[in-house]
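Trainee: Mind looking over this structure? Questions follow.
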Amino acid sequence: MYLILSGSLNSQSILFWDEPESNMNPKMIYHVTQMLAELAKMGVQIFIATHSYFIQQAFQLMTAYPKANPKNVDIQFFSLFQQTEADGKQDIQLEVGNSLENIQHNAIMEEFDALYDRELGMMP
């Protein structure tokens, strides 16, 4: 809000926001993602780095359901991951997709699945 009121954030701006979920009540995530979609429709280019399942899924809903994205905001997902080559060299790879379904290396979902598996392993 301060960036908008001060004129620092306008239709030609680029916004980089690392971990927007930090110190945020989870109930606010929907509202924040909707606000970011509004800014994008006004011409602000937005880059978000997150480890939040909820933020990831809020944007995924916008890509999967037109009703969740009435302004038709263009959303892309990126994943950086490390891959070991045949010679043992570590290489950084990039995946890009218009949906989370296009991203094979998703650390958030991998940990979500691992937690679920751990819980299943604890059941009698």
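Scheme for the structure tokens: letters A, B, ... for chains in order shown; per-chain residue numbers from 1; ligand numbers from 1 in order shown.
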Fewer than 3 positions away in the same chain doesn't count, so skip those; otherwise give me all residues within 9 Å of Leu100 of chain A, counting only C-alpha atoms, as a list of chain:residue names.

Mentor: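 That gives A:Gln56, A:Gln57, A:Gln60, A:Thr63, A:Gln76, A:Phe77, A:Phe78, A:Gly97, A:Ile103, A:Gln104, A:Asn106.
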
Trainee: With N, CA, C and O atoms retained, export the selected residues as a PDB file, in the first residue's frame.

Mentor:
ATOM      1  N   GLN A  56       1.136 -20.900  -3.285  1.00  0.00           N
ATOM      2  CA  GLN A  56       1.261 -21.661  -4.524  1.00  0.00           C
ATOM      3  C   GLN A  56      -0.116 -22.095  -5.021  1.00  0.00           C
ATOM      4  O   GLN A  56      -0.449 -21.929  -6.186  1.00  0.00           O
ATOM      5  N   GLN A  57      -0.921 -22.644  -4.136  1.00  0.00           N
ATOM      6  CA  GLN A  57      -2.230 -23.152  -4.534  1.00  0.00           C
ATOM      7  C   GLN A  57      -3.204 -22.030  -4.888  1.00  0.00           C
ATOM      8  O   GLN A  57      -4.049 -22.201  -5.763  1.00  0.00           O
ATOM      9  N   GLN A  60      -2.374 -21.333  -8.325  1.00  0.00           N
ATOM     10  CA  GLN A  60      -2.762 -22.480  -9.150  1.00  0.00           C
ATOM     11  C   GLN A  60      -4.256 -22.447  -9.441  1.00  0.00           C
ATOM     12  O   GLN A  60      -4.678 -22.737 -10.555  1.00  0.00           O
ATOM     13  N   THR A  63      -4.992 -20.322 -12.303  1.00  0.00           N
ATOM     14  CA  THR A  63      -4.660 -20.879 -13.619  1.00  0.00           C
ATOM     15  C   THR A  63      -5.623 -21.984 -14.028  1.00  0.00           C
ATOM     16  O   THR A  63      -5.830 -22.214 -15.213  1.00  0.00           O
ATOM     17  N   GLN A  76       2.739 -17.546 -14.455  1.00  0.00           N
ATOM     18  CA  GLN A  76       3.687 -18.598 -14.787  1.00  0.00           C
ATOM     19  C   GLN A  76       4.374 -19.061 -13.520  1.00  0.00           C
ATOM     20  O   GLN A  76       4.629 -18.266 -12.614  1.00  0.00           O
ATOM     21  N   PHE A  77       4.684 -20.340 -13.480  1.00  0.00           N
ATOM     22  CA  PHE A  77       5.379 -20.945 -12.358  1.00  0.00           C
ATOM     23  C   PHE A  77       6.791 -21.309 -12.799  1.00  0.00           C
ATOM     24  O   PHE A  77       6.992 -21.796 -13.912  1.00  0.00           O
ATOM     25  N   PHE A  78       7.753 -21.077 -11.905  1.00  0.00           N
ATOM     26  CA  PHE A  78       9.150 -21.386 -12.174  1.00  0.00           C
ATOM     27  C   PHE A  78       9.680 -22.284 -11.062  1.00  0.00           C
ATOM     28  O   PHE A  78       9.325 -22.111  -9.901  1.00  0.00           O
ATOM     29  N   GLY A  97       6.234 -23.213 -16.341  1.00  0.00           N
ATOM     30  CA  GLY A  97       4.944 -23.711 -16.779  1.00  0.00           C
ATOM     31  C   GLY A  97       3.828 -22.740 -16.468  1.00  0.00           C
ATOM     32  O   GLY A  97       3.942 -21.916 -15.565  1.00  0.00           O
ATOM     33  N   ILE A 103       5.141 -28.447 -13.812  1.00  0.00           N
ATOM     34  CA  ILE A 103       6.378 -28.393 -13.024  1.00  0.00           C
ATOM     35  C   ILE A 103       6.597 -29.751 -12.364  1.00  0.00           C
ATOM     36  O   ILE A 103       5.814 -30.164 -11.514  1.00  0.00           O
ATOM     37  N   GLN A 104       7.653 -30.441 -12.757  1.00  0.00           N
ATOM     38  CA  GLN A 104       7.941 -31.761 -12.188  1.00  0.00           C
ATOM     39  C   GLN A 104       8.725 -31.660 -10.887  1.00  0.00           C
ATOM     40  O   GLN A 104       8.623 -32.531 -10.035  1.00  0.00           O
ATOM     41  N   ASN A 106       8.895 -29.776  -7.788  1.00  0.00           N
ATOM     42  CA  ASN A 106       8.179 -28.827  -6.947  1.00  0.00           C
ATOM     43  C   ASN A 106       8.457 -29.196  -5.491  1.00  0.00           C
ATOM     44  O   ASN A 106       7.821 -30.100  -4.934  1.00  0.00           O
TER      45      ASN A 106
END

Trainee: As a PDB file with all heavy atoms, in the first residue's frame, please: the residues near Ala64 of chain A (cut-off 10 Å, only C-alpha atoms, same-chain neighbours under 2 positions excluded).

Mentor:
ATOM      1  N   PHE A  59      -2.462 -19.291  -6.444  1.00  0.00           N
ATOM      2  CA  PHE A  59      -2.169 -18.937  -7.837  1.00  0.00           C
ATOM      3  C   PHE A  59      -2.531 -20.087  -8.781  1.00  0.00           C
ATOM      4  O   PHE A  59      -2.970 -19.851  -9.910  1.00  0.00           O
ATOM      5  CB  PHE A  59      -0.706 -18.520  -7.993  1.00  0.00           C
ATOM      6  CG  PHE A  59      -0.445 -17.142  -7.486  1.00  0.00           C
ATOM      7  CD1 PHE A  59       0.356 -16.944  -6.379  1.00  0.00           C
ATOM      8  CD2 PHE A  59      -0.999 -16.032  -8.104  1.00  0.00           C
ATOM      9  CE1 PHE A  59       0.591 -15.662  -5.890  1.00  0.00           C
ATOM     10  CE2 PHE A  59      -0.774 -14.749  -7.626  1.00  0.00           C
ATOM     11  CZ  PHE A  59       0.021 -14.559  -6.518  1.00  0.00           C
ATOM     12  N   GLN A  60      -2.374 -21.333  -8.325  1.00  0.00           N
ATOM     13  CA  GLN A  60      -2.762 -22.480  -9.150  1.00  0.00           C
ATOM     14  C   GLN A  60      -4.256 -22.447  -9.441  1.00  0.00           C
ATOM     15  O   GLN A  60      -4.678 -22.737 -10.555  1.00  0.00           O
ATOM     16  CB  GLN A  60      -2.367 -23.796  -8.474  1.00  0.00           C
ATOM     17  CG  GLN A  60      -2.851 -25.039  -9.184  1.00  0.00           C
ATOM     18  CD  GLN A  60      -2.324 -25.208 -10.594  1.00  0.00           C
ATOM     19  OE1 GLN A  60      -1.336 -24.594 -10.989  1.00  0.00           O
ATOM     20  NE2 GLN A  60      -3.002 -26.016 -11.377  1.00  0.00           N
ATOM     21  N   LEU A  61      -5.067 -22.079  -8.440  1.00  0.00           N
ATOM     22  CA  LEU A  61      -6.511 -21.970  -8.672  1.00  0.00           C
ATOM     23  C   LEU A  61      -6.818 -20.952  -9.766  1.00  0.00           C
ATOM     24  O   LEU A  61      -7.723 -21.153 -10.579  1.00  0.00           O
ATOM     25  CB  LEU A  61      -7.237 -21.585  -7.381  1.00  0.00           C
ATOM     26  CG  LEU A  61      -7.333 -22.658  -6.315  1.00  0.00           C
ATOM     27  CD1 LEU A  61      -7.969 -22.090  -5.049  1.00  0.00           C
ATOM     28  CD2 LEU A  61      -8.086 -23.874  -6.804  1.00  0.00           C
ATOM     29  N   MET A  62      -6.050 -19.871  -9.786  1.00  0.00           N
ATOM     30  CA  MET A  62      -6.257 -18.852 -10.825  1.00  0.00           C
ATOM     31  C   MET A  62      -5.947 -19.397 -12.216  1.00  0.00           C
ATOM     32  O   MET A  62      -6.554 -18.979 -13.197  1.00  0.00           O
ATOM     33  CB  MET A  62      -5.395 -17.626 -10.548  1.00  0.00           C
ATOM     34  CG  MET A  62      -5.855 -16.783  -9.407  1.00  0.00           C
ATOM     35  SD  MET A  62      -4.802 -15.311  -9.291  1.00  0.00           S
ATOM     36  CE  MET A  62      -4.938 -14.938  -7.573  1.00  0.00           C
ATOM     37  N   PRO A  66     -11.231 -20.415 -14.587  1.00  0.00           N
ATOM     38  CA  PRO A  66     -11.480 -19.045 -15.061  1.00  0.00           C
ATOM     39  C   PRO A  66     -12.245 -18.195 -14.046  1.00  0.00           C
ATOM     40  O   PRO A  66     -12.005 -16.996 -13.947  1.00  0.00           O
ATOM     41  CB  PRO A  66     -12.301 -19.249 -16.338  1.00  0.00           C
ATOM     42  CG  PRO A  66     -11.938 -20.621 -16.800  1.00  0.00           C
ATOM     43  CD  PRO A  66     -11.674 -21.416 -15.541  1.00  0.00           C
ATOM     44  N   LYS A  67     -13.130 -18.813 -13.274  1.00  0.00           N
ATOM     45  CA  LYS A  67     -13.898 -18.066 -12.265  1.00  0.00           C
ATOM     46  C   LYS A  67     -12.963 -17.465 -11.209  1.00  0.00           C
ATOM     47  O   LYS A  67     -13.254 -16.419 -10.640  1.00  0.00           O
ATOM     48  CB  LYS A  67     -14.917 -18.996 -11.613  1.00  0.00           C
ATOM     49  CG  LYS A  67     -15.841 -18.319 -10.647  1.00  0.00           C
ATOM     50  CD  LYS A  67     -16.871 -19.294 -10.102  1.00  0.00           C
ATOM     51  CE  LYS A  67     -17.803 -18.604  -9.141  1.00  0.00           C
ATOM     52  NZ  LYS A  67     -18.808 -19.514  -8.593  1.00  0.00           N
ATOM     53  N   ALA A  68     -11.838 -18.135 -10.936  1.00  0.00           N
ATOM     54  CA  ALA A  68     -10.871 -17.646  -9.941  1.00  0.00           C
ATOM     55  C   ALA A  68      -9.938 -16.590 -10.527  1.00  0.00           C
ATOM     56  O   ALA A  68      -9.181 -15.964  -9.794  1.00  0.00           O
ATOM     57  CB  ALA A  68     -10.049 -18.814  -9.394  1.00  0.00           C
ATOM     58  N   ASN A  69     -10.005 -16.391 -11.841  1.00  0.00           N
ATOM     59  CA  ASN A  69      -9.127 -15.430 -12.509  1.00  0.00           C
ATOM     60  C   ASN A  69      -9.940 -14.640 -13.540  1.00  0.00           C
ATOM     61  O   ASN A  69      -9.658 -14.697 -14.735  1.00  0.00           O
ATOM     62  CB  ASN A  69      -7.967 -16.181 -13.184  1.00  0.00           C
ATOM     63  CG  ASN A  69      -6.904 -15.269 -13.734  1.00  0.00           C
ATOM     64  OD1 ASN A  69      -6.931 -14.055 -13.544  1.00  0.00           O
ATOM     65  ND2 ASN A  69      -5.960 -15.850 -14.437  1.00  0.00           N
ATOM     66  N   ASN A  98       2.750 -22.844 -17.234  1.00  0.00           N
ATOM     67  CA  ASN A  98       1.568 -22.016 -17.000  1.00  0.00           C
ATOM     68  C   ASN A  98       0.665 -22.594 -15.926  1.00  0.00           C
ATOM     69  O   ASN A  98      -0.351 -22.009 -15.583  1.00  0.00           O
ATOM     70  CB  ASN A  98       0.767 -21.847 -18.296  1.00  0.00           C
ATOM     71  CG  ASN A  98       1.522 -21.033 -19.309  1.00  0.00           C
ATOM     72  OD1 ASN A  98       2.245 -20.110 -18.957  1.00  0.00           O
ATOM     73  ND2 ASN A  98       1.386 -21.376 -20.572  1.00  0.00           N
ATOM     74  N   SER A  99       1.051 -23.771 -15.413  1.00  0.00           N
ATOM     75  CA  SER A  99       0.304 -24.457 -14.372  1.00  0.00           C
ATOM     76  C   SER A  99       1.293 -25.264 -13.548  1.00  0.00           C
ATOM     77  O   SER A  99       2.357 -25.650 -14.049  1.00  0.00           O
ATOM     78  CB  SER A  99      -0.728 -25.382 -15.018  1.00  0.00           C
ATOM     79  OG  SER A  99      -1.314 -26.220 -14.053  1.00  0.00           O
ATOM     80  N   LEU A 100       0.952 -25.547 -12.313  1.00  0.00           N
ATOM     81  CA  LEU A 100       1.818 -26.391 -11.491  1.00  0.00           C
ATOM     82  C   LEU A 100       1.938 -27.792 -12.068  1.00  0.00           C
ATOM     83  O   LEU A 100       2.920 -28.483 -11.830  1.00  0.00           O
ATOM     84  CB  LEU A 100       1.300 -26.459 -10.056  1.00  0.00           C
ATOM     85  CG  LEU A 100       1.562 -25.220  -9.219  1.00  0.00           C
ATOM     86  CD1 LEU A 100       0.898 -25.369  -7.858  1.00  0.00           C
ATOM     87  CD2 LEU A 100       3.042 -24.977  -9.051  1.00  0.00           C
ATOM     88  N   GLU A 101       0.958 -28.199 -12.837  1.00  0.00           N
ATOM     89  CA  GLU A 101       1.003 -29.516 -13.465  1.00  0.00           C
ATOM     90  C   GLU A 101       2.171 -29.634 -14.445  1.00  0.00           C
ATOM     91  O   GLU A 101       2.608 -30.733 -14.748  1.00  0.00           O
ATOM     92  CB  GLU A 101      -0.316 -29.802 -14.174  1.00  0.00           C
ATOM     93  CG  GLU A 101      -1.483 -29.885 -13.203  1.00  0.00           C
ATOM     94  CD  GLU A 101      -2.827 -29.721 -13.872  1.00  0.00           C
ATOM     95  OE1 GLU A 101      -2.876 -29.427 -15.085  1.00  0.00           O
ATOM     96  OE2 GLU A 101      -3.838 -29.877 -13.169  1.00  0.00           O
TER      97      GLU A 101
END

Trainee: Select, from A:Met24, A:Ile108, A:Ile29, A:Val73, the residue with the minimum atom-to-atom distance to Gly43 of chain A, counting only C-alpha atoms.

Mentor: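 Answer, going by the shortest atom-to-atom distance: A:Val73.
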
Trainee: Closest to Ile46 of chain A among A:Gln82, A:Ala58, A:Thr33, A:Asn23, using only C-alpha atoms?

Mentor: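 Of A:Gln82, A:Ala58, A:Thr33, A:Asn23, the one nearest Ile46 of chain A, counting only C-alpha atoms, is A:Thr33.
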
Trainee: Mind checking DSSP for chain A and telling me the alpha helix (DSSP H) residues as a PyMOL selection string?

Mentor: chain A and resi 2-5+29-41+53-64+107-122

Trainee: Could you give me, as a ChimeraX atom specification, each residue of chain A that DSSP assigns to strand (DSSP E or B) when run on this structure's backbone?

Mentor: /A:14-18,45-49,77-84,90-97

Trainee: Atom CA of Gln45 of chain A and atom CA of Glu111 of chain A are how many Å apart?

Mentor: 28.9 Å

Trainee: Provide the atom CA of Met122 of chain A to atom CA of Met109 of chain A distance in Å, to one decimal place.

Mentor: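 Atom CA of Met122 of chain A sits 20.1 Å away from atom CA of Met109 of chain A.
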
Trainee: If I take atom CA of Ala49 of chain A and atom CA of Val32 of chain A, how far is one from the other in Å, to one decimal?

Mentor: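 Interatomic distance, atom CA of Ala49 of chain A to atom CA of Val32 of chain A: 14.1 Å.
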
Trainee: Would you please work out which residue, of A:Ala40, A:Gln12, A:Tyr53, A:Ser6, is nearest to Glu110 of chain A when using only C-alpha atoms?

Mentor: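 Counting only C-alpha atoms, the residue closest to Glu110 of chain A is A:Tyr53.
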
Trainee: Under the rule that only C-alpha atoms are counted, which of A:His105, A:Ala37, A:Ile48, A:Glu19 is the nearest residue to Asp74 of chain A?

Mentor: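 Among the listed residues, the smallest separation from Asp74 of chain A belongs to A:Ala37.
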
Trainee: Considering only C-alpha atoms, return as a PyMOL selection string whatever protein or nucleic-acid residues lie within 10 Å of Asp91 of chain A, sequence-local ones (same chain, fewer than 6 positions apart) excluded.

Mentor: chain A and resi 81-85
